[in-house]
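**Q** File input.json follows (JSON, C-alpha atoms and all ligand atoms):
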[["chain", "number", "residue", "atom", "x", "y", "z"],
["A", 76, "MET", "CA", -6.48, 24.25, 1.47],
["A", 77, "SER", "CA", -9.31, 23.33, 3.81],
["A", 78, "ALA", "CA", -9.41, 24.84, 7.29],
["A", 79, "GLU", "CA", -9.07, 21.37, 8.76],
["A", 80, "ARG", "CA", -5.93, 20.61, 6.78],
["A", 81, "GLU", "CA", -4.50, 23.99, 7.71],
["A", 82, "GLU", "CA", -5.14, 23.15, 11.33],
["A", 83, "ILE", "CA", -3.34, 19.83, 11.01],
["A", 84, "LEU", "CA", -0.35, 21.54, 9.41],
["A", 85, "ALA", "CA", -0.35, 24.16, 12.12],
["A", 86, "GLN", "CA", -0.37, 21.46, 14.78],
["A", 87, "LEU", "CA", 2.54, 19.75, 13.12],
["A", 88, "ALA", "CA", 4.45, 23.00, 12.99],
["A", 89, "ALA", "CA", 3.70, 23.75, 16.63],
["A", 90, "HIS", "CA", 5.01, 20.40, 17.67],
["A", 91, "GLY", "CA", 8.10, 20.63, 15.54],
["A", 92, "ARG", "CA", 7.40, 17.13, 14.39],
["A", 93, "PHE", "CA", 7.81, 17.05, 10.69],
["A", 94, "LEU", "CA", 8.09, 13.87, 8.80],
["A", 95, "ALA", "CA", 11.65, 13.84, 7.66],
["A", 96, "SER", "CA", 10.69, 11.00, 5.37],
["A", 97, "LEU", "CA", 8.40, 13.21, 3.39],
["A", 98, "GLY", "CA", 11.42, 15.09, 2.12],
["A", 99, "SER", "CA", 12.17, 11.95, 0.19],
["A", 100, "VAL", "CA", 8.88, 12.20, -1.64],
["A", 101, "GLY", "CA", 9.17, 15.84, -2.46],
["A", 102, "VAL", "CA", 7.39, 17.80, 0.25],
["A", 103, "SER", "CA", 8.87, 20.82, 1.92],
["A", 104, "PHE", "CA", 7.43, 22.16, 5.14],
["A", 105, "PRO", "CA", 7.25, 25.53, 6.76],
["A", 106, "LYS", "CA", 9.95, 26.18, 9.34],
["A", 107, "ALA", "CA", 9.57, 23.92, 12.39],
["A", 108, "GLY", "CA", 8.18, 25.40, 15.58],
["A", 109, "PRO", "CA", 9.70, 24.92, 19.03],
["A", 110, "ALA", "CA", 11.12, 21.46, 19.59],
["A", 111, "LEU", "CA", 9.36, 19.05, 21.90],
["A", 112, "PRO", "CA", 11.08, 18.34, 25.21],
["A", 113, "PRO", "CA", 13.36, 15.33, 24.89],
["A", 114, "VAL", "CA", 11.56, 12.02, 25.19],
["A", 115, "ALA", "CA", 12.60, 9.36, 27.65],
["A", 116, "ALA", "CA", 15.40, 7.15, 26.46],
["A", 117, "PRO", "CA", 14.18, 3.79, 25.18],
["A", 118, "ALA", "CA", 14.46, 0.97, 27.65],
["A", 119, "VAL", "CA", 16.87, -0.94, 25.49],
["A", 120, "THR", "CA", 20.56, -0.90, 26.04],
["A", 121, "ALA", "CA", 22.02, -2.67, 23.09],
["A", 122, "ALA", "CA", 21.01, -2.34, 19.49],
["A", 123, "PRO", "CA", 21.91, -5.20, 17.23],
["A", 124, "ALA", "CA", 24.67, -4.33, 14.83],
["A", 125, "VAL", "CA", 23.93, -4.68, 11.15],
["A", 126, "THR", "CA", 26.46, -6.33, 8.92],
["A", 127, "PRO", "CA", 26.94, -4.90, 5.43],
["A", 128, "GLY", "CA", 24.87, -7.79, 4.10],
["A", 129, "GLY", "CA", 21.99, -6.59, 6.22],
["A", 130, "THR", "CA", 21.58, -9.50, 8.61],
["A", 131, "ALA", "CA", 21.11, -8.28, 12.15],
["A", 132, "VAL", "CA", 23.62, -9.61, 14.62],
["A", 133, "THR", "CA", 21.67, -10.14, 17.80],
["A", 134, "THR", "CA", 23.45, -8.97, 20.88],
["A", 135, "PRO", "CA", 21.79, -9.26, 24.31],
["A", 136, "VAL", "CA", 18.92, -6.83, 24.34],
["A", 137, "VAL", "CA", 17.30, -5.68, 27.57],
["A", 138, "ALA", "CA", 13.52, -6.01, 27.75],
["A", 139, "ALA", "CA", 11.69, -2.82, 26.86],
["A", 140, "ALA", "CA", 9.28, -1.20, 29.30],
["A", 141, "ARG", "CA", 5.99, 0.41, 28.42],
["A", 142, "PRO", "CA", 6.46, 4.16, 28.15],
["A", 143, "PRO", "CA", 5.01, 6.06, 31.10],
["A", 144, "ALA", "CA", 1.52, 7.45, 30.61],
["A", 145, "GLY", "CA", 1.53, 11.10, 29.58],
["A", 146, "ALA", "CA", 0.51, 13.85, 31.98],
["A", 147, "GLU", "CA", -2.75, 14.25, 30.05],
["A", 148, "PRO", "CA", -4.95, 11.14, 29.84],
["A", 149, "ALA", "CA", -4.68, 9.60, 26.37],
["A", 150, "ALA", "CA", -7.78, 9.47, 24.17],
["A", 151, "SER", "CA", -9.31, 5.99, 24.00],
["A", 152, "LEU", "CA", -9.27, 4.05, 20.75],
["A", 153, "GLU", "CA", -13.06, 4.43, 20.62],
["A", 154, "SER", "CA", -12.87, 8.19, 20.85],
["A", 155, "ILE", "CA", -10.09, 8.33, 18.25],
["A", 156, "ARG", "CA", -12.29, 6.33, 15.89],
["A", 157, "GLU", "CA", -15.15, 8.67, 16.64],
["A", 158, "THR", "CA", -12.98, 11.68, 15.84],
["A", 159, "ILE", "CA", -12.01, 10.16, 12.52],
["A", 160, "GLY", "CA", -15.70, 9.86, 11.72],
["A", 161, "ASP", "CA", -16.57, 9.58, 8.03],
["A", 162, "CYS", "CA", -13.20, 11.13, 7.24],
["A", 163, "ARG", "CA", -12.80, 13.46, 4.24],
["A", 164, "ARG", "CA", -9.52, 15.04, 5.32],
["A", 165, "CYS", "CA", -7.71, 13.88, 2.18],
["A", 166, "GLY", "CA", -8.65, 12.78, -1.31],
["A", 167, "LEU", "CA", -8.60, 9.07, -0.51],
["A", 168, "HIS", "CA", -12.13, 9.17, 0.82],
["A", 169, "THR", "CA", -13.48, 9.32, -2.73],
["A", 170, "GLY", "CA", -12.16, 5.86, -3.62],
["A", 171, "ARG", "CA", -12.31, 3.99, -0.36],
["A", 172, "LYS", "CA", -15.00, 1.60, 0.74],
["A", 173, "THR", "CA", -14.07, 1.51, 4.42],
["A", 174, "ILE", "CA", -11.78, 3.30, 6.82],
["A", 175, "VAL", "CA", -9.36, 0.71, 8.15],
["A", 176, "PHE", "CA", -8.77, 1.87, 11.70],
["A", 177, "GLY", "CA", -6.62, -1.06, 12.78],
["A", 178, "GLN", "CA", -7.53, -3.78, 15.21],
["A", 179, "GLY", "CA", -6.30, -5.88, 18.11],
["A", 180, "ASN", "CA", -5.62, -5.62, 21.79],
["A", 181, "PRO", "CA", -6.06, -2.03, 23.05],
["A", 182, "ASN", "CA", -3.43, -2.82, 25.71],
["A", 183, "ALA", "CA", -1.07, -4.64, 23.37],
["A", 184, "GLU", "CA", 2.60, -4.82, 24.29],
["A", 185, "LEU", "CA", 3.44, -5.18, 20.63],
["A", 186, "MET", "CA", 2.06, -3.01, 17.83],
["A", 187, "PHE", "CA", 2.65, -3.47, 14.11],
["A", 188, "VAL", "CA", 2.39, -0.47, 11.81],
["A", 189, "GLY", "CA", 1.96, -1.12, 8.11],
["A", 190, "GLU", "CA", 1.64, 1.26, 5.19],
["A", 191, "ALA", "CA", -1.92, 1.43, 3.91],
["A", 192, "PRO", "CA", -4.90, -0.84, 3.39],
["A", 193, "GLY", "CA", -5.10, -2.82, 0.16],
["A", 194, "ALA", "CA", -8.16, -4.14, -1.65],
["A", 195, "ASP", "CA", -8.96, -6.91, 0.87],
["A", 196, "GLU", "CA", -8.53, -4.57, 3.81],
["A", 197, "ASP", "CA", -10.72, -1.93, 2.15],
["A", 198, "GLU", "CA", -13.36, -4.57, 1.54],
["A", 199, "GLN", "CA", -13.33, -6.01, 5.07],
["A", 200, "GLY", "CA", -12.41, -2.91, 7.08],
["A", 201, "LEU", "CA", -9.56, -4.77, 8.78],
["A", 202, "ALA", "CA", -5.79, -4.29, 8.56],
["A", 203, "PHE", "CA", -3.61, -6.99, 6.99],
["A", 204, "VAL", "CA", -6.19, -9.53, 5.94],
["A", 205, "GLY", "CA", -4.98, -10.14, 2.36],
["A", 206, "ARG", "CA", -1.96, -12.16, 1.21],
["A", 207, "ALA", "CA", 0.52, -9.91, 2.99],
["A", 208, "GLY", "CA", -1.72, -10.17, 6.04],
["A", 209, "GLN", "CA", -1.54, -13.96, 5.93],
["A", 210, "LEU", "CA", 2.23, -13.71, 6.01],
["A", 211, "LEU", "CA", 2.04, -11.27, 8.91],
["A", 212, "THR", "CA", -0.19, -13.79, 10.70],
["A", 213, "ASP", "CA", 2.52, -16.43, 10.19],
["A", 214, "ILE", "CA", 5.15, -14.05, 11.56],
["A", 215, "ILE", "CA", 3.01, -13.44, 14.64],
["A", 216, "GLN", "CA", 1.84, -17.00, 15.24],
["A", 217, "LYS", "CA", 4.66, -19.20, 13.98],
["A", 218, "GLY", "CA", 7.52, -16.79, 14.59],
["A", 219, "LEU", "CA", 6.58, -14.86, 17.70],
["A", 220, "ARG", "CA", 4.23, -17.55, 19.06],
["A", 221, "MET", "CA", 1.63, -14.95, 19.81],
["A", 222, "GLU", "CA", -1.94, -14.50, 18.61],
["A", 223, "ARG", "CA", -3.14, -11.71, 16.35],
["A", 224, "LYS", "CA", -5.72, -10.73, 18.94],
["A", 225, "ASP", "CA", -2.93, -10.08, 21.46],
["A", 226, "VAL", "CA", -1.12, -7.51, 19.33],
["A", 227, "PHE", "CA", -2.40, -4.35, 17.67],
["A", 228, "ILE", "CA", -2.14, -3.94, 13.90],
["A", 229, "GLY", "CA", -2.52, -0.55, 12.25],
["A", 230, "ASN", "CA", -1.30, 1.47, 9.30],
["A", 231, "VAL", "CA", 0.25, 4.83, 8.53],
["A", 232, "ILE", "CA", -2.83, 5.73, 6.50],
["A", 233, "LYS", "CA", -6.33, 4.36, 6.99],
["A", 234, "CYS", "CA", -7.78, 4.47, 3.49],
["A", 235, "ARG", "CA", -6.76, 2.48, 0.45],
["A", 236, "PRO", "CA", -4.80, 4.44, -2.16],
["A", 237, "PRO", "CA", -6.07, 3.80, -5.70],
["A", 238, "GLN", "CA", -4.31, 0.85, -7.38],
["A", 239, "ASN", "CA", -2.36, 0.42, -4.14],
["A", 240, "ARG", "CA", -0.06, 3.27, -5.08],
["A", 241, "ASN", "CA", 2.29, 4.73, -2.47],
["A", 242, "PRO", "CA", 0.69, 7.10, 0.04],
["A", 243, "GLU", "CA", 1.04, 10.77, -0.87],
["A", 244, "PRO", "CA", 2.53, 13.22, 1.66],
["A", 245, "ASP", "CA", -0.74, 15.07, 2.22],
["A", 246, "GLU", "CA", -2.47, 11.76, 2.93],
["A", 247, "ILE", "CA", 0.17, 10.81, 5.48],
["A", 248, "ILE", "CA", -0.11, 14.21, 7.12],
["A", 249, "ALA", "CA", -3.90, 14.03, 7.28],
["A", 250, "CYS", "CA", -3.75, 10.64, 9.02],
["A", 251, "GLN", "CA", -0.76, 11.38, 11.24],
["A", 252, "PRO", "CA", -2.64, 12.68, 14.30],
["A", 253, "PHE", "CA", -4.71, 9.50, 14.42],
["A", 254, "LEU", "CA", -1.80, 7.07, 14.37],
["A", 255, "GLU", "CA", -0.04, 9.23, 16.95],
["A", 256, "ALA", "CA", -3.13, 9.09, 19.14],
["A", 257, "GLN", "CA", -3.47, 5.33, 18.67],
["A", 258, "ILE", "CA", 0.11, 4.77, 19.80],
["A", 259, "ARG", "CA", -0.44, 7.03, 22.82],
["A", 260, "ALA", "CA", -3.61, 5.11, 23.69],
["A", 261, "ILE", "CA", -2.01, 1.68, 23.41],
["A", 262, "ARG", "CA", 1.45, 2.55, 24.77],
["A", 263, "PRO", "CA", 3.03, -0.66, 23.46],
["A", 264, "ARG", "CA", 6.42, -1.80, 24.65],
["A", 265, "VAL", "CA", 7.55, -2.40, 21.10],
["A", 266, "LEU", "CA", 6.54, -0.99, 17.73],
["A", 267, "VAL", "CA", 7.36, -2.90, 14.56],
["A", 268, "GLY", "CA", 7.54, -0.70, 11.48],
["A", 269, "LEU", "CA", 6.60, -2.78, 8.44],
["A", 270, "GLY", "CA", 8.30, -1.38, 5.37],
["A", 271, "LYS", "CA", 9.65, 1.96, 4.28],
["A", 272, "PHE", "CA", 6.69, 4.23, 4.91],
["A", 273, "SER", "CA", 6.11, 2.96, 8.40],
["A", 274, "ALA", "CA", 9.80, 3.00, 9.30],
["A", 275, "HIS", "CA", 10.10, 6.56, 8.00],
["A", 276, "TRP", "CA", 6.99, 7.66, 9.87],
["A", 277, "LEU", "CA", 8.10, 6.13, 13.17],
["A", 278, "LEU", "CA", 11.77, 7.07, 13.01],
["A", 279, "LYS", "CA", 11.46, 10.43, 11.24],
["A", 280, "THR", "CA", 14.13, 9.55, 8.77],
["A", 281, "ALA", "CA", 14.32, 9.00, 5.04],
["A", 282, "GLU", "CA", 17.03, 6.33, 5.15],
["A", 283, "PRO", "CA", 16.35, 3.35, 2.89],
["A", 284, "ILE", "CA", 14.60, 0.46, 4.58],
["A", 285, "THR", "CA", 17.52, -1.78, 3.64],
["A", 286, "LYS", "CA", 19.69, 0.38, 5.92],
["A", 287, "LEU", "CA", 17.10, 0.75, 8.66],
["A", 288, "ARG", "CA", 15.88, -2.78, 9.11],
["A", 289, "GLY", "CA", 17.21, -4.64, 12.08],
["A", 290, "ARG", "CA", 18.45, -1.48, 13.81],
["A", 291, "LEU", "CA", 16.50, -0.51, 16.89],
["A", 292, "GLY", "CA", 15.12, 2.97, 17.02],
["A", 293, "GLU", "CA", 12.74, 4.86, 19.25],
["A", 294, "TYR", "CA", 9.41, 6.63, 18.99],
["A", 295, "GLU", "CA", 8.26, 8.66, 21.99],
["A", 296, "GLY", "CA", 10.17, 6.39, 24.36],
["A", 297, "ILE", "CA", 8.97, 3.20, 22.67],
["A", 298, "ALA", "CA", 11.43, 0.77, 21.09],
["A", 299, "VAL", "CA", 10.97, 0.58, 17.32],
["A", 300, "MET", "CA", 12.07, -2.33, 15.17],
["A", 301, "PRO", "CA", 11.95, -1.48, 11.48],
["A", 302, "THR", "CA", 11.69, -4.50, 9.22],
["A", 303, "TYR", "CA", 10.63, -5.49, 5.73],
["A", 304, "HIS", "CA", 6.99, -5.29, 4.73],
["A", 305, "PRO", "CA", 5.27, -8.68, 4.33],
["A", 306, "ALA", "CA", 4.35, -7.73, 0.74],
["A", 307, "TYR", "CA", 8.06, -7.36, 0.03],
["A", 308, "LEU", "CA", 8.63, -10.81, 1.52],
["A", 309, "LEU", "CA", 6.03, -12.25, -0.84],
["A", 310, "ARG", "CA", 8.15, -10.98, -3.73],
["A", 311, "ASN", "CA", 11.50, -11.71, -2.04],
["A", 312, "PRO", "CA", 11.13, -14.81, 0.13],
["A", 313, "SER", "CA", 14.89, -14.90, 0.75],
["A", 314, "ALA", "CA", 14.48, -11.79, 2.92],
["A", 315, "LYS", "CA", 12.35, -13.75, 5.42],
["A", 316, "LYS", "CA", 15.49, -14.71, 7.34],
["A", 317, "ASP", "CA", 16.19, -11.02, 7.96],
["A", 318, "VAL", "CA", 12.69, -10.47, 9.30],
["A", 319, "TRP", "CA", 13.09, -13.52, 11.51],
["A", 320, "ALA", "CA", 16.33, -12.06, 12.89],
["A", 321, "ASP", "CA", 14.41, -8.84, 13.63],
["A", 322, "MET", "CA", 11.57, -10.75, 15.31],
["A", 323, "LYS", "CA", 14.06, -12.49, 17.59],
["A", 324, "VAL", "CA", 15.13, -9.08, 18.83],
["A", 325, "VAL", "CA", 11.47, -8.16, 19.29],
["A", 326, "LEU", "CA", 11.03, -11.28, 21.43],
["A", 327, "GLN", "CA", 13.98, -10.21, 23.57],
["A", 328, "LEU", "CA", 12.51, -6.74, 23.94],
["A", 329, "LEU", "CA", 9.28, -8.34, 25.11],
["A", 330, "GLY", "CA", 11.16, -10.58, 27.54],
["A", 331, "ARG", "CA", 9.86, -13.68, 25.77],
["A", 332, "PRO", "CA", 11.78, -16.85, 25.00],
["A", 333, "VAL", "CA", 13.66, -16.78, 21.72],
["A", 334, "PRO", "CA", 13.51, -20.04, 19.78],
["A", 335, "GLU", "CA", 16.69, -21.27, 18.09],
["B", 1, "LIG", "N1", -0.38, -3.66, 3.53],
["B", 1, "LIG", "C1", -0.33, -2.74, 4.51],
["B", 1, "LIG", "O1", 0.63, -1.98, 4.63],
["B", 1, "LIG", "N2", -1.35, -2.67, 5.34],
["B", 1, "LIG", "C2", -2.42, -3.45, 5.27],
["B", 1, "LIG", "O2", -3.31, -3.33, 6.09],
["B", 1, "LIG", "C3", -2.44, -4.42, 4.24],
["B", 1, "LIG", "C4", -1.41, -4.51, 3.38]]
I'd like the structure from this file rewritten - as structure tokens, please.
**A**
Amino acid sequence: MSAEREEILAQLAAHGRFLASLGSVGVSFPKAGPALPPVAAPAVTAAPAVTPGGTAVTTPVVAAARPPAGAEPAASLESIRETIGDCRRCGLHTGRKTIVFGQGNPNAELMFVGEAPGADEDEQGLAFVGRAGQLLTDIIQKGLRMERKDVFIGNVIKCRPPQNRNPEPDEIIACQPFLEAQIRAIRPRVLVGLGKFSAHWLLKTAEPITKLRGRLGEYEGIAVMPTYHPAYLLRNPSAKKDVWADMKVVLQLLGRPVPE
């Protein structure tokens, strides 16, 4: 194990912040270190109930606030990108063309977190620019009536896995500090977790995405809405109504008008 990877694992242990989701893909961790102090409660008071069929029942949801800035100044997105450098912290660097850092408004109120870049993203160096990205654009523009440039779009891992396979635990761990730092830099009011890997990363759970979607969670005091990945919607268009239900809750969290 490289010294750098050892350091990342040590940091994770020190923070007691292990990815519960990784248990589901077969990784066991050393014993957790001291727990972090409790994070501020999310600024939402009512989570939508989920019916057994999975459709979120929207109840009035109070607008979410930005989490307070931490005591230490957060690293800027530029410096996080600089720290990533020409990353070789996991094996994905051998097959990638570009590191897909994520893009958008550095002060976004809304941040989407996907899984990993695909071929188009690897080619262009931008998150969600392929077919799934086009659907995400529709969700943002037609559904939320926002512009892509106003939100921030990132991923759990920043390099394309070969043949678009699922990210491996060591790859998620290697990238974890950078997504954490990005979220601390942006401090969005709402995080949308797109698909299983993102939902597991944000919510530190291994529950199936079918159970998680539509139920509000929390990441470091930020409201989290887990929902289906746009690539899943391409294969299962009937699930779009569920994502739309989730986006209506996101609009409420942002204090924006919710169309019928
Ligand atoms: N799927 C993802 O999860 N992220 C991307 O950037 C593109 C497709």
**Q** If you count only C-alpha atoms, which residues fall within 7 Å of A:Lys233, apart from same-chain ones fewer than 4 positions away, as JSON, numbers by chain?
**A** {"A": [174, 175, 176, 191, 192]}
**Q** Between A:Ile159, A:Val265, A:Cys234, A:Leu254, which residue has the minimum interatomic distance to A:Ala194, considering all atoms listed in the file?
**A**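 Of the candidates, the smallest distance to A:Ala194 is held by A:Cys234.
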**Q** Figure out the distance between atom CA of A:Phe187 and atom CA of A:Ile232, please, to one decimal in Å.
**A**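 If I compute the distance from atom CA of A:Ile232 to atom CA of A:Phe187, I get 13.1 Å.
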**Q** Please tell me which residues are no farther than 12 Å from (17.4, 6.1, 6.8) in the file, counting all atoms listed in the file, and write them as a tab-separated table (two decimals) with C-alpha atoms, in the coordinates of the input.
**A**
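Printed below is part.tsv as written:
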chain	number	residue	atom	x	y	z
A	95	ALA	CA	11.65	13.84	7.66
A	96	SER	CA	10.69	11.00	5.37
A	97	LEU	CA	8.40	13.21	3.39
A	98	GLY	CA	11.42	15.09	2.12
A	99	SER	CA	12.17	11.95	0.19
A	270	GLY	CA	8.30	-1.38	5.37
A	271	LYS	CA	9.65	1.96	4.28
A	272	PHE	CA	6.69	4.23	4.91
A	273	SER	CA	6.11	2.96	8.40
A	274	ALA	CA	9.80	3.00	9.30
A	275	HIS	CA	10.10	6.56	8.00
A	276	TRP	CA	6.99	7.66	9.87
A	277	LEU	CA	8.10	6.13	13.17
A	278	LEU	CA	11.77	7.07	13.01
A	279	LYS	CA	11.46	10.43	11.24
A	280	THR	CA	14.13	9.55	8.77
A	281	ALA	CA	14.32	9.00	5.04
A	282	GLU	CA	17.03	6.33	5.15
A	283	PRO	CA	16.35	3.35	2.89
A	284	ILE	CA	14.60	0.46	4.58
A	285	THR	CA	17.52	-1.78	3.64
A	286	LYS	CA	19.69	0.38	5.92
A	287	LEU	CA	17.10	0.75	8.66
A	288	ARG	CA	15.88	-2.78	9.11
A	289	GLY	CA	17.21	-4.64	12.08
A	290	ARG	CA	18.45	-1.48	13.81
A	292	GLY	CA	15.12	2.97	17.02
A	301	PRO	CA	11.95	-1.48	11.48
**Q** Could you pull out the residues sitting within 8 Å of ligand LIG 1 (chain B), using all atoms listed in the file, and write them as a PyMOL selection string?
**A** chain A and resi 175+177+188-193+195-196+201-208+228-231+269-270+304-306
**Q** Would you mind putting back N, CA and C atoms on stretch 269-285 of chain A, then writing it out as a CSV table (one decimal), in the coordinates of the input?
**A**
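What follows is the written file rebuild11.csv:
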chain,number,residue,atom,x,y,z
A,269,LEU,N,6.6,-1.9,9.6
A,269,LEU,CA,6.6,-2.8,8.4
A,269,LEU,C,6.8,-2.0,7.2
A,270,GLY,N,8.0,-2.0,6.6
A,270,GLY,CA,8.3,-1.4,5.4
A,270,GLY,C,8.7,0.1,5.5
A,271,LYS,N,9.1,0.6,4.4
A,271,LYS,CA,9.6,2.0,4.3
A,271,LYS,C,8.8,3.1,4.9
A,272,PHE,N,7.5,3.1,4.5
A,272,PHE,CA,6.7,4.2,4.9
A,272,PHE,C,6.5,4.2,6.4
A,273,SER,N,6.3,3.0,7.0
A,273,SER,CA,6.1,3.0,8.4
A,273,SER,C,7.4,3.3,9.1
A,274,ALA,N,8.5,2.7,8.7
A,274,ALA,CA,9.8,3.0,9.3
A,274,ALA,C,10.1,4.5,9.3
A,275,HIS,N,9.8,5.1,8.1
A,275,HIS,CA,10.1,6.6,8.0
A,275,HIS,C,9.2,7.4,8.9
A,276,TRP,N,7.9,7.0,9.0
A,276,TRP,CA,7.0,7.7,9.9
A,276,TRP,C,7.4,7.6,11.3
A,277,LEU,N,7.8,6.3,11.7
A,277,LEU,CA,8.1,6.1,13.2
A,277,LEU,C,9.4,6.7,13.5
A,278,LEU,N,10.4,6.7,12.6
A,278,LEU,CA,11.8,7.1,13.0
A,278,LEU,C,12.1,8.5,12.5
A,279,LYS,N,11.2,9.1,11.8
A,279,LYS,CA,11.5,10.4,11.2
A,279,LYS,C,12.8,10.5,10.5
A,280,THR,N,12.9,9.6,9.6
A,280,THR,CA,14.1,9.6,8.8
A,280,THR,C,13.7,9.1,7.4
A,281,ALA,N,14.6,9.4,6.4
A,281,ALA,CA,14.3,9.0,5.0
A,281,ALA,C,15.3,8.0,4.6
A,282,GLU,N,16.0,7.4,5.5
A,282,GLU,CA,17.0,6.3,5.2
A,282,GLU,C,16.3,5.2,4.5
A,283,PRO,N,17.0,4.5,3.5
A,283,PRO,CA,16.4,3.4,2.9
A,283,PRO,C,16.1,2.2,3.9
A,284,ILE,N,15.0,1.5,3.7
A,284,ILE,CA,14.6,0.5,4.6
A,284,ILE,C,15.7,-0.6,4.7
A,285,THR,N,16.4,-0.8,3.6
A,285,THR,CA,17.5,-1.8,3.6
A,285,THR,C,18.6,-1.4,4.7
